[in-house]
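**Student:** Following this line is run_24.tsv, made up of TSV, C-alpha atoms and all ligand atoms:
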```
chain	number	residue	atom	x	y	z
A	29	MET	CA	29.27	20.42	397.72
A	30	LEU	CA	29.77	17.82	395.00
A	31	PRO	CA	33.28	17.19	393.67
A	32	GLU	CA	33.99	18.81	390.32
A	33	ARG	CA	34.66	15.49	388.59
A	34	PRO	CA	32.48	12.39	388.78
A	35	PRO	CA	33.68	9.51	390.98
A	36	PRO	CA	36.08	7.03	389.26
A	37	LEU	CA	33.41	4.34	388.70
A	38	TRP	CA	30.90	6.78	387.14
A	39	PRO	CA	29.97	5.44	383.65
A	40	LYS	CA	31.54	7.02	380.56
A	41	PHE	CA	30.10	6.89	377.04
A	42	ASP	CA	31.24	7.25	373.46
A	43	HIS	CA	29.16	10.15	372.18
A	44	ARG	CA	29.86	9.87	368.48
A	45	LEU	CA	27.04	7.50	367.58
A	46	ARG	CA	24.43	9.16	369.73
A	47	SER	CA	23.35	12.57	368.54
A	48	THR	CA	20.57	15.10	368.86
A	49	ALA	CA	19.84	14.45	365.19
A	50	ILE	CA	18.91	10.82	365.96
A	51	THR	CA	17.08	11.56	369.21
A	52	ALA	CA	14.95	14.25	367.57
A	53	ARG	CA	14.01	12.10	364.56
A	54	VAL	CA	13.16	9.00	366.60
A	55	GLY	CA	11.35	11.23	369.10
A	56	ARG	CA	9.25	12.83	366.37
A	57	LEU	CA	8.04	9.43	365.13
A	58	LEU	CA	7.47	8.25	368.70
A	59	GLY	CA	5.45	11.41	369.39
A	60	ILE	CA	3.21	10.68	366.38
A	61	MET	CA	2.71	7.05	367.52
A	62	PHE	CA	1.94	8.12	371.09
A	63	GLY	CA	-0.50	10.76	369.83
A	64	LEU	CA	-2.42	8.28	367.66
A	65	CYS	CA	-2.32	5.68	370.41
A	66	PHE	CA	-3.63	8.16	373.00
A	67	VAL	CA	-6.56	9.39	370.90
A	68	THR	CA	-7.63	5.90	369.77
A	69	GLY	CA	-7.21	4.71	373.36
A	70	LEU	CA	-9.63	7.38	374.58
A	71	LEU	CA	-12.12	6.26	371.91
A	72	SER	CA	-11.78	2.71	373.17
A	73	HIS	CA	-12.20	3.81	376.77
A	74	TYR	CA	-15.41	5.55	375.72
A	75	GLN	CA	-16.78	2.14	374.70
A	76	TYR	CA	-16.60	1.05	378.33
A	77	HIS	CA	-17.79	4.34	379.82
A	78	PRO	CA	-19.99	6.21	377.33
A	79	TRP	CA	-21.51	9.55	378.32
A	80	THR	CA	-25.26	9.11	378.55
A	81	TRP	CA	-25.97	12.48	376.87
A	82	LEU	CA	-23.86	11.74	373.78
A	83	PRO	CA	-25.37	9.53	371.05
A	84	VAL	CA	-23.30	6.42	370.31
A	85	PRO	CA	-22.63	5.96	366.58
A	86	ALA	CA	-23.25	2.57	364.99
A	87	ARG	CA	-21.58	3.62	361.75
A	88	PRO	CA	-19.30	2.95	360.10
A	89	ALA	CA	-19.67	-0.67	361.25
A	90	TRP	CA	-15.87	-1.02	361.03
A	91	GLY	CA	-15.17	2.15	363.04
A	92	TYR	CA	-13.98	0.44	366.21
A	93	ARG	CA	-12.15	-2.15	364.14
A	94	LEU	CA	-10.08	0.66	362.61
A	95	THR	CA	-9.46	2.74	365.73
A	96	GLN	CA	-8.57	-0.20	367.94
A	97	GLY	CA	-6.38	-1.71	365.21
A	98	VAL	CA	-4.51	1.61	365.05
A	99	HIS	CA	-4.31	1.74	368.86
A	100	VAL	CA	-2.67	-1.66	369.16
A	101	ILE	CA	-0.32	-1.27	366.18
A	102	THR	CA	0.93	2.19	367.20
A	103	GLY	CA	1.33	0.94	370.78
A	104	ILE	CA	3.44	-2.01	369.67
A	105	ALA	CA	5.46	0.16	367.24
A	106	SER	CA	6.19	2.53	370.14
A	107	ILE	CA	8.14	-0.16	371.97
A	108	PRO	CA	11.22	-0.29	369.65
A	109	LEU	CA	11.04	3.50	369.17
A	110	LEU	CA	10.98	4.10	372.90
A	111	LEU	CA	13.94	1.77	373.44
A	112	VAL	CA	16.05	3.46	370.74
A	113	LYS	CA	15.12	6.89	372.05
A	114	LEU	CA	16.12	5.91	375.58
A	115	TRP	CA	19.38	4.45	374.27
A	116	SER	CA	20.11	7.70	372.42
A	117	VAL	CA	19.84	9.82	375.57
A	118	PHE	CA	21.07	7.23	378.06
A	119	PRO	CA	24.41	9.03	378.81
A	120	LEU	CA	22.45	12.10	379.96
A	121	LEU	CA	21.26	9.98	382.86
A	122	PHE	CA	24.81	10.10	384.16
A	123	GLN	CA	25.53	13.78	383.58
A	124	TRP	CA	27.75	15.40	386.17
A	125	PRO	CA	26.80	17.11	388.41
A	126	PRO	CA	23.46	15.24	388.60
A	127	ALA	CA	21.58	18.49	389.20
A	128	ARG	CA	22.84	22.01	388.55
A	129	SER	CA	19.90	23.84	390.10
A	130	ILE	CA	16.45	23.26	391.51
A	131	VAL	CA	14.88	23.86	388.09
A	132	HIS	CA	17.29	21.38	386.54
A	133	ALA	CA	16.48	18.82	389.27
A	134	LEU	CA	12.74	19.29	388.63
A	135	GLU	CA	13.24	18.89	384.91
A	136	ARG	CA	15.11	15.63	385.49
A	137	LEU	CA	12.36	14.46	387.84
A	138	SER	CA	9.73	15.13	385.15
A	139	ILE	CA	11.78	13.00	382.74
A	140	ALA	CA	11.86	10.19	385.31
A	141	VAL	CA	8.04	10.35	385.45
A	142	LEU	CA	7.82	10.39	381.65
A	143	VAL	CA	10.14	7.44	381.12
A	144	SER	CA	8.68	5.24	383.84
A	145	SER	CA	5.03	5.94	382.99
A	146	ALA	CA	5.66	5.39	379.26
A	147	LEU	CA	7.45	2.10	379.93
A	148	VAL	CA	4.70	0.85	382.23
A	149	GLU	CA	2.02	1.95	379.75
A	150	VAL	CA	3.43	0.14	376.72
A	151	THR	CA	4.39	-2.94	378.76
A	152	THR	CA	0.97	-3.37	380.37
A	153	GLY	CA	-0.69	-2.81	376.99
A	154	PHE	CA	1.48	-5.42	375.34
A	155	LEU	CA	0.99	-8.00	378.10
A	156	ASN	CA	-2.76	-7.40	377.95
A	157	ILE	CA	-2.76	-8.26	374.24
A	158	LEU	CA	-1.00	-11.50	375.14
A	159	GLN	CA	-3.69	-12.00	377.81
A	160	TRP	CA	-1.08	-12.32	380.47
A	161	TYR	CA	-1.97	-10.39	383.62
A	162	PRO	CA	0.94	-10.65	386.05
A	163	TRP	CA	-0.67	-7.99	388.27
A	164	THR	CA	-3.65	-7.62	390.54
A	165	PHE	CA	-4.82	-4.12	389.53
A	166	SER	CA	-7.62	-3.45	387.04
A	167	PHE	CA	-5.90	-3.15	383.66
A	168	PRO	CA	-8.39	-0.81	381.92
A	169	SER	CA	-8.41	1.80	384.68
A	170	VAL	CA	-4.64	1.80	385.28
A	171	HIS	CA	-3.92	1.88	381.54
A	172	HIS	CA	-6.44	4.72	381.14
A	173	TRP	CA	-5.25	6.96	384.00
A	174	LEU	CA	-1.59	6.38	383.30
A	175	ALA	CA	-2.20	7.52	379.70
A	176	TYR	CA	-2.94	11.04	381.01
A	177	VAL	CA	0.29	11.00	383.00
A	178	VAL	CA	2.22	9.97	379.88
A	179	ALA	CA	0.43	12.54	377.70
A	180	GLY	CA	1.01	15.32	380.22
A	181	SER	CA	4.69	14.52	380.64
A	182	VAL	CA	5.18	14.26	376.86
A	183	LEU	CA	3.71	17.75	376.42
A	184	LEU	CA	5.85	19.15	379.23
A	185	HIS	CA	8.93	17.43	377.81
A	186	LEU	CA	8.21	18.81	374.35
A	187	ALA	CA	7.74	22.34	375.69
A	188	VAL	CA	11.04	22.20	377.59
A	189	LYS	CA	13.02	20.58	374.78
A	190	LEU	CA	11.53	22.39	371.78
A	191	PRO	CA	14.69	24.41	370.99
A	192	ILE	CA	16.83	21.25	371.15
A	193	VAL	CA	14.29	19.30	369.06
A	194	ARG	CA	14.39	22.06	366.40
A	195	ARG	CA	18.19	22.00	366.38
A	196	GLY	CA	18.26	18.17	366.20
A	197	LEU	CA	15.85	18.05	363.27
A	198	ALA	CA	17.85	20.68	361.38
A	199	GLU	CA	21.14	18.83	361.99
A	200	PRO	CA	22.12	16.30	359.29
A	201	VAL	CA	22.19	12.73	360.58
A	202	ALA	CA	25.53	11.79	359.05
A	203	SER	CA	27.66	14.62	360.47
A	204	ASP	CA	30.47	13.48	362.75
A	205	SER	CA	29.48	9.80	362.52
A	206	PRO	CA	32.01	7.29	363.93
A	207	ALA	CA	34.52	6.02	361.35
A	208	SER	CA	33.96	2.30	362.01
A	209	GLY	CA	31.00	0.12	363.02
A	210	ILE	CA	27.37	1.13	362.48
A	211	SER	CA	26.79	4.70	361.34
A	212	ARG	CA	24.17	7.10	362.65
A	213	ARG	CA	22.23	6.65	359.46
A	214	GLY	CA	22.51	2.89	360.09
A	215	VAL	CA	20.93	3.35	363.54
A	216	LEU	CA	17.99	5.20	362.01
A	217	ILE	CA	17.55	2.62	359.24
A	218	ALA	CA	17.68	-0.25	361.76
A	219	THR	CA	15.10	1.53	363.94
A	220	GLY	CA	12.80	2.10	360.98
A	221	ALA	CA	13.19	-1.51	359.87
A	222	GLY	CA	12.43	-2.72	363.41
A	223	VAL	CA	9.26	-0.64	363.58
A	224	GLY	CA	8.25	-1.83	360.09
A	225	VAL	CA	8.69	-5.50	360.97
A	226	VAL	CA	6.77	-5.15	364.22
A	227	ALA	CA	3.92	-3.27	362.50
A	228	LEU	CA	3.74	-5.70	359.56
A	229	THR	CA	3.68	-8.78	361.75
A	230	THR	CA	0.85	-7.25	363.80
A	231	VAL	CA	-1.38	-5.74	361.12
A	232	GLY	CA	-2.40	-9.22	359.88
A	233	GLN	CA	-4.78	-9.46	362.82
A	234	VAL	CA	-6.88	-6.76	361.16
A	235	ILE	CA	-6.21	-7.26	357.43
A	236	PRO	CA	-7.03	-10.85	356.41
A	237	SER	CA	-4.66	-10.98	353.40
A	238	LEU	CA	-1.71	-10.25	355.71
A	239	GLU	CA	-2.77	-12.88	358.21
A	240	PRO	CA	-0.06	-15.42	357.23
A	241	ILE	CA	2.66	-13.03	358.46
A	242	ALA	CA	0.81	-11.98	361.61
A	243	LEU	CA	3.50	-13.52	363.81
A	244	LEU	CA	2.94	-11.05	366.65
A	245	ALA	CA	-0.84	-11.37	366.57
A	246	PRO	CA	-2.02	-13.60	369.41
A	247	ARG	CA	-5.34	-14.21	367.61
A	248	ARG	CA	-5.44	-15.03	363.91
A	249	PRO	CA	-8.71	-13.73	362.45
A	250	LYS	CA	-9.57	-16.92	360.58
A	251	LYS	CA	-8.37	-19.41	363.21
A	252	GLY	CA	-11.38	-20.53	365.16
A	253	PRO	CA	-14.66	-22.37	364.73
A	254	LEU	CA	-16.90	-20.86	362.00
A	255	GLY	CA	-13.99	-18.66	360.88
A	256	VAL	CA	-13.96	-16.49	364.01
A	257	PRO	CA	-11.49	-16.80	366.93
A	258	ILE	CA	-12.73	-17.54	370.43
A	259	ASN	CA	-11.57	-15.21	373.14
A	260	LYS	CA	-13.33	-16.76	376.12
A	261	THR	CA	-14.34	-20.38	375.76
A	262	ALA	CA	-17.53	-21.64	377.36
A	263	ALA	CA	-15.44	-23.81	379.69
A	264	ALA	CA	-13.37	-20.79	380.80
A	265	ALA	CA	-16.63	-18.90	381.46
A	266	GLY	CA	-17.91	-21.79	383.61
A	267	ILE	CA	-20.59	-22.90	381.11
A	268	SER	CA	-20.52	-26.62	380.33
A	269	ALA	CA	-23.90	-27.01	378.61
A	270	ILE	CA	-27.23	-25.23	378.14
A	271	ALA	CA	-29.84	-26.80	380.41
A	272	ALA	CA	-33.27	-27.81	379.08
A	273	SER	CA	-34.70	-25.25	381.50
A	274	TYR	CA	-32.90	-22.42	379.67
A	275	ARG	CA	-35.08	-19.37	378.94
A	276	LEU	CA	-34.37	-16.07	377.28
A	277	THR	CA	-36.19	-13.71	379.61
A	278	VAL	CA	-37.16	-10.26	378.31
A	279	LEU	CA	-38.03	-7.87	381.13
A	280	GLY	CA	-39.98	-4.66	380.58
A	281	PRO	CA	-43.55	-3.33	380.88
A	282	ARG	CA	-44.74	-6.56	379.15
A	283	PRO	CA	-42.22	-9.22	380.18
A	284	PHE	CA	-42.05	-12.63	378.44
A	285	ASP	CA	-39.68	-15.50	378.01
A	286	LEU	CA	-38.67	-17.87	375.23
A	287	ASP	CA	-37.08	-21.31	375.15
A	288	VAL	CA	-34.39	-22.20	372.63
A	289	ALA	CA	-36.86	-23.41	369.97
A	290	GLN	CA	-38.88	-20.19	370.29
A	291	VAL	CA	-35.72	-18.08	369.99
A	292	GLU	CA	-34.83	-19.99	366.83
A	293	ALA	CA	-38.33	-19.44	365.42
A	294	LEU	CA	-38.12	-15.61	365.65
A	295	PRO	CA	-38.01	-13.64	362.34
A	296	PHE	CA	-34.53	-14.15	360.93
A	297	VAL	CA	-32.26	-11.39	359.58
A	298	GLU	CA	-28.63	-11.47	358.46
A	299	ARG	CA	-26.08	-8.65	358.76
A	300	HIS	CA	-22.36	-8.24	358.07
A	301	ILE	CA	-20.85	-6.95	361.31
A	302	PRO	CA	-17.16	-7.08	362.20
A	303	LEU	CA	-16.14	-8.41	365.59
A	304	ALA	CA	-13.31	-6.21	366.89
A	305	CYS	CA	-11.60	-7.10	370.14
A	306	VAL	CA	-9.94	-4.49	372.37
A	307	GLU	CA	-6.79	-6.58	372.02
A	308	GLY	CA	-6.58	-5.46	368.39
A	309	TRP	CA	-7.67	-8.51	366.39
A	310	SER	CA	-10.79	-8.20	364.33
A	311	VAL	CA	-12.72	-10.18	361.77
A	312	SER	CA	-15.66	-9.51	359.52
A	313	ALA	CA	-18.50	-11.99	359.84
A	314	ARG	CA	-22.06	-12.66	358.72
A	315	TRP	CA	-24.37	-12.82	361.70
A	316	GLY	CA	-27.91	-14.16	361.64
A	317	GLY	CA	-30.63	-13.93	364.26
A	318	SER	CA	-33.44	-11.71	365.41
A	319	SER	CA	-33.52	-7.95	365.68
A	320	LEU	CA	-33.02	-6.95	369.31
A	321	LEU	CA	-35.26	-3.92	368.83
A	322	ASP	CA	-38.18	-6.19	367.81
A	323	LEU	CA	-37.94	-8.03	371.16
A	324	VAL	CA	-37.59	-4.74	373.03
A	325	ARG	CA	-40.78	-3.42	371.36
A	326	ARG	CA	-42.63	-6.66	372.16
A	327	ALA	CA	-41.71	-6.17	375.82
A	328	GLY	CA	-43.12	-2.65	375.76
A	329	GLY	CA	-39.94	-0.66	375.08
A	330	ASP	CA	-38.95	1.34	372.00
A	331	GLY	CA	-35.97	2.72	370.08
A	332	GLY	CA	-35.31	5.18	372.92
A	333	SER	CA	-34.96	2.43	375.54
A	334	THR	CA	-31.74	1.57	377.27
A	335	VAL	CA	-31.33	-2.19	377.21
A	336	HIS	CA	-29.23	-4.28	379.56
A	337	ILE	CA	-28.08	-7.67	378.27
A	338	VAL	CA	-27.12	-10.34	380.82
A	339	SER	CA	-25.22	-13.59	380.26
A	340	LEU	CA	-25.52	-16.99	381.90
A	341	GLN	CA	-21.89	-16.47	382.85
A	342	GLN	CA	-21.19	-15.35	386.40
A	343	GLY	CA	-18.70	-12.49	386.75
A	344	GLY	CA	-16.27	-11.42	384.02
A	345	TYR	CA	-17.65	-9.67	380.92
A	346	SER	CA	-21.11	-11.09	381.50
A	347	ALA	CA	-23.30	-8.08	380.78
A	348	SER	CA	-23.49	-5.01	378.58
A	349	THR	CA	-25.76	-2.05	377.99
A	350	ILE	CA	-26.93	-0.90	374.58
A	351	ARG	CA	-29.03	2.02	373.35
A	352	GLY	CA	-29.53	4.48	370.51
A	353	SER	CA	-28.37	3.66	366.98
A	354	GLU	CA	-26.45	0.61	368.24
A	355	LEU	CA	-29.70	-0.80	369.64
A	356	HIS	CA	-31.38	-0.22	366.27
A	357	ALA	CA	-28.63	-2.17	364.48
A	358	ALA	CA	-28.15	-4.94	367.09
A	359	LEU	CA	-28.91	-8.61	366.61
A	360	LEU	CA	-29.51	-11.35	369.10
A	361	ALA	CA	-27.51	-13.73	366.96
A	362	THR	CA	-28.15	-17.44	366.67
A	363	HIS	CA	-26.05	-17.93	363.53
A	364	LEU	CA	-22.50	-17.08	362.48
A	365	ASN	CA	-21.35	-17.33	358.85
A	366	GLY	CA	-24.41	-19.39	357.98
A	367	GLU	CA	-24.09	-21.96	360.77
A	368	ARG	CA	-25.75	-22.38	364.15
A	369	LEU	CA	-23.61	-20.77	366.90
A	370	THR	CA	-21.34	-23.17	368.75
A	371	LEU	CA	-21.29	-23.10	372.54
A	372	ASP	CA	-17.92	-21.28	372.50
A	373	HIS	CA	-19.38	-18.57	370.27
A	374	GLY	CA	-22.27	-17.97	372.67
A	375	TYR	CA	-24.95	-20.61	371.94
A	376	PRO	CA	-27.93	-20.31	372.18
A	377	VAL	CA	-27.86	-16.51	371.59
A	378	ARG	CA	-25.34	-13.73	371.76
A	379	LEU	CA	-25.45	-9.99	371.24
A	380	ILE	CA	-23.76	-8.47	368.21
A	381	ALA	CA	-23.82	-4.79	367.19
A	382	PRO	CA	-21.69	-2.73	364.77
A	383	ASP	CA	-18.89	-0.26	365.61
A	384	ARG	CA	-18.58	-1.71	369.09
A	385	ALA	CA	-15.82	-3.22	371.21
A	386	GLY	CA	-15.93	-7.03	371.01
A	387	VAL	CA	-16.06	-7.23	374.78
A	388	LEU	CA	-19.55	-5.67	374.76
A	389	ASN	CA	-20.97	-8.39	372.51
A	390	THR	CA	-22.14	-10.58	375.35
A	391	LYS	CA	-22.32	-14.33	374.75
A	392	TRP	CA	-24.75	-16.89	376.27
A	393	VAL	CA	-27.46	-14.23	376.74
A	394	THR	CA	-30.22	-15.25	379.14
A	395	ARG	CA	-31.85	-11.93	380.07
A	396	VAL	CA	-32.76	-8.73	378.25
A	397	GLU	CA	-33.80	-5.89	380.56
A	398	VAL	CA	-35.65	-3.02	378.90
A	399	ARG	CA	-35.31	0.19	380.91
B	401	LIG	N1	-20.37	-13.68	378.34
B	401	LIG	C1	-19.23	-13.26	377.75
B	401	LIG	N2	-19.30	-12.68	376.54
B	401	LIG	C2	-18.19	-12.26	375.92
B	401	LIG	C3	-16.91	-12.42	376.51
B	401	LIG	C4	-16.85	-13.02	377.77
B	401	LIG	O1	-15.78	-13.19	378.38
B	401	LIG	N3	-18.03	-13.44	378.37
B	401	LIG	N4	-15.78	-11.99	375.83
B	401	LIG	C5	-16.00	-10.88	374.91
B	401	LIG	C6	-14.82	-10.57	374.14
B	401	LIG	S1	-13.52	-9.89	374.97
B	401	LIG	C7	-14.78	-10.70	372.77
B	401	LIG	S2	-13.52	-10.09	371.85
B	401	LIG	C8	-15.84	-11.42	372.05
B	401	LIG	C9	-15.22	-12.56	371.32
B	401	LIG	O2	-16.17	-13.31	370.72
B	401	LIG	P1	-15.87	-14.79	370.21
B	401	LIG	O3	-15.22	-15.54	371.33
B	401	LIG	O4	-17.15	-15.32	369.78
B	401	LIG	O5	-14.92	-14.63	369.06
B	401	LIG	O6	-16.85	-11.92	372.91
B	401	LIG	C10	-17.19	-11.08	373.99
B	401	LIG	N5	-18.30	-11.67	374.69
B	402	MO	MO	-12.20	-8.91	373.46
```
Could you write out this structure as structure tokens?
Ligand SMILES: Nc1nc2c(c(=O)[nH]1)N[C@H]1C(S)=C(S)[C@@H](COP(=O)(O)O)O[C@H]1N2
Ligand SMILES: [Mo]

**Tutor:**
Amino acid sequence: MLPERPPPLWPKFDHRLRSTAITARVGRLLGIMFGLCFVTGLLSHYQYHPWTWLPVPARPAWGYRLTQGVHVITGIASIPLLLVKLWSVFPLLFQWPPARSIVHALERLSIAVLVSSALVEVTTGFLNILQWYPWTFSFPSVHHWLAYVVAGSVLLHLAVKLPIVRRGLAEPVASDSPASGISRRGVLIATGAGVGVVALTTVGQVIPSLEPIALLAPRRPKKGPLGVPINKTAAAAGISAIAASYRLTVLGPRPFDLDVAQVEALPFVERHIPLACVEGWSVSARWGGSSLLDLVRRAGGDGGSTVHIVSLQQGGYSASTIRGSELHAALLATHLNGERLTLDHGYPVRLIAPDRAGVLNTKWVTRVEVR
């Protein structure tokens, strides 16, 4: 049996600042952020693993730009909210006795799962934006599967705590606030201000006019050659130059290949297509080049073909598959914002298609396989 009182060194807390009123309000906002982040995250995951029976939309062209922008901003805004929420319930961690019954022990265990999975989820997401991978696992699959664990534990948590949440939301924030120091209302205002600052200094990676204050954005939309940032340089992809023997090979029922001059001589079209990276930054740009579908038709395919695009790069994001309305709208781009592509942007040709994750817009294309 446990002693009735906690041991002498067991932590004690001042409960006046913390209150159900604060926890419930911060929790409500955090729940909204997590919900938006989860749904937009699934949409992003779908970009990597589309279902073959479901048509992929190519419109609106800025669709992925919006959903992934929301994903990254709500994810970042969740970090201060999560920390304040944890602070507000921290003393409960040290309740005595630690478990009153088996059900109570299970409930506490589910909270341990919720807290740890949520912390790992937002931390890995944030480090991924900074392109720092201090781990050996595959980020997309861990981030994806863990999201279901977080979502499931949030729902369970909400179901268990609903009566307390209702009571907390009904309770005025200011009641029984401490007489000196920061008030409860002050805690809420500081939390809101923190979330606002974090969101504002991130949103500039999506909205060009806010770019000057995009302090938390690792990529500034306009910073980069031809007004578009570079995510993977040619050097980092192991490409130092394009050899004279370079050919764009188009495989299909009637295969053919083209050298750089022949690629440049293809009928030229220009389209405004945003480039939207999974990391959240995006930029609108004017791309010029040839219609991918024209080349596919010349090789014996048609609008119903599935087309596999392969880069000169070995490993990494060196290939992508395109079909349906995205194929109809896709360019094999040679020009960006009116200028010839630089090597870092994918010279001699790169793929670009609307409403698509940036990662799928393969650079340094050398082979088009019509299936
Ligand atoms: N071959 C190849 N293509 C690639 C990549 C890559 O690593 N290798 N990175 C992708 C990613 S993650 C993005 S966001 C865009 C960035 O394009 P940019 O560097 O021209 O801005 O290119 C995509 N195309
Ligand atoms: Mo990207």

**Student:** How would you write, as an NGL selection string, the set of residues no farther than 9 Å from ligand LIG 401 (chain B) when counting all atoms listed in the file?

**Tutor:** :A and (252-253 or 256-262 or 264-265 or 303-307 or 309-311 or 338-348 or 369-370 or 372-374 or 378-379 or 385-393)

**Student:** Fewer than 2 positions away in the same chain doesn't count, so skip those; otherwise give me all residues within 12 Å of range 220-228 of chain A, counting all atoms listed in the file, as a PyMOL selection string.

**Tutor:** chain A and resi 50+53-54+57-58+61+97-112+213-218+230-235+237-245

**Student:** Which residue, A:Arg212, A:Arg282, A:Arg275, A:Arg384, has the smallest gap to ligand MO 402 (chain B) when you use all atoms listed in the file?

**Tutor:**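 For ligand MO 402 (chain B), the nearest of the candidates is A:Arg384.
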
**Student:** How big is the axis-aligned box around the listed atoms of range 124-138 of chain A once 5 Å is added on each side, and where is its centre? Give both in Å to one decimal, as JSON.

**Tutor:**
```
{"center_x": 18.7, "center_y": 19.2, "center_z": 388.2, "size_x": 28.0, "size_y": 19.4, "size_z": 16.6}
```

**Student:** Neighbours of Phe167 in chain A within 12 Å (only C-alpha atoms; same-chain residues fewer than 3 positions away dropped), as a count of residues only?

**Tutor:** 22

**Student:** With all atoms listed in the file as the basis for distance, which of A:Ser72, A:Gly308, A:Leu142, A:Leu114 is at the shortest distance from ligand MO 402 (chain B)?

**Tutor:**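 Under the stated criterion, the closest residue is A:Gly308.
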
**Student:** Which residue out of A:Pro246, A:Pro200, A:Pro85, A:Gly332 has the minimum interatomic distance to ligand MO 402 (chain B) when all atoms listed in the file are used?

**Tutor:**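 Closest candidate: A:Pro246.
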
**Student:** Pick the closest to ligand MO 402 (chain B) from A:Gln96, A:Thr80, A:Ser129, A:Ser181: which is it, counting all atoms listed in the file?

**Tutor:** A:Gln96

**Student:** Please compute the CA of Val131 in chain A-CA of Phe62 in chain A distance, one decimal, in Å.

**Tutor:**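 Interatomic distance here is 26.5 Å.
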
**Student:** Enter the distance from CA of Val335 in chain A to CA of Val398 in chain A, in Å, rounded to one decimal.

**Tutor:**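 Separation between CA of Val335 in chain A and CA of Val398 in chain A: 4.7 Å.
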
**Student:** Would you mind reading off the distance between CA of Leu371 in chain A and CA of Leu320 in chain A, one decimal, in Å?

**Tutor:**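 According to the coordinates, CA of Leu371 in chain A and CA of Leu320 in chain A are separated by 20.2 Å.
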
**Student:** Considering only C-alpha atoms, can you say which of A:Leu254, A:Cys65, A:Ile192, A:Ile380 comes closest to Ala361 in chain A?

**Tutor:**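 The shortest atom-to-atom distance to Ala361 in chain A comes from A:Ile380.
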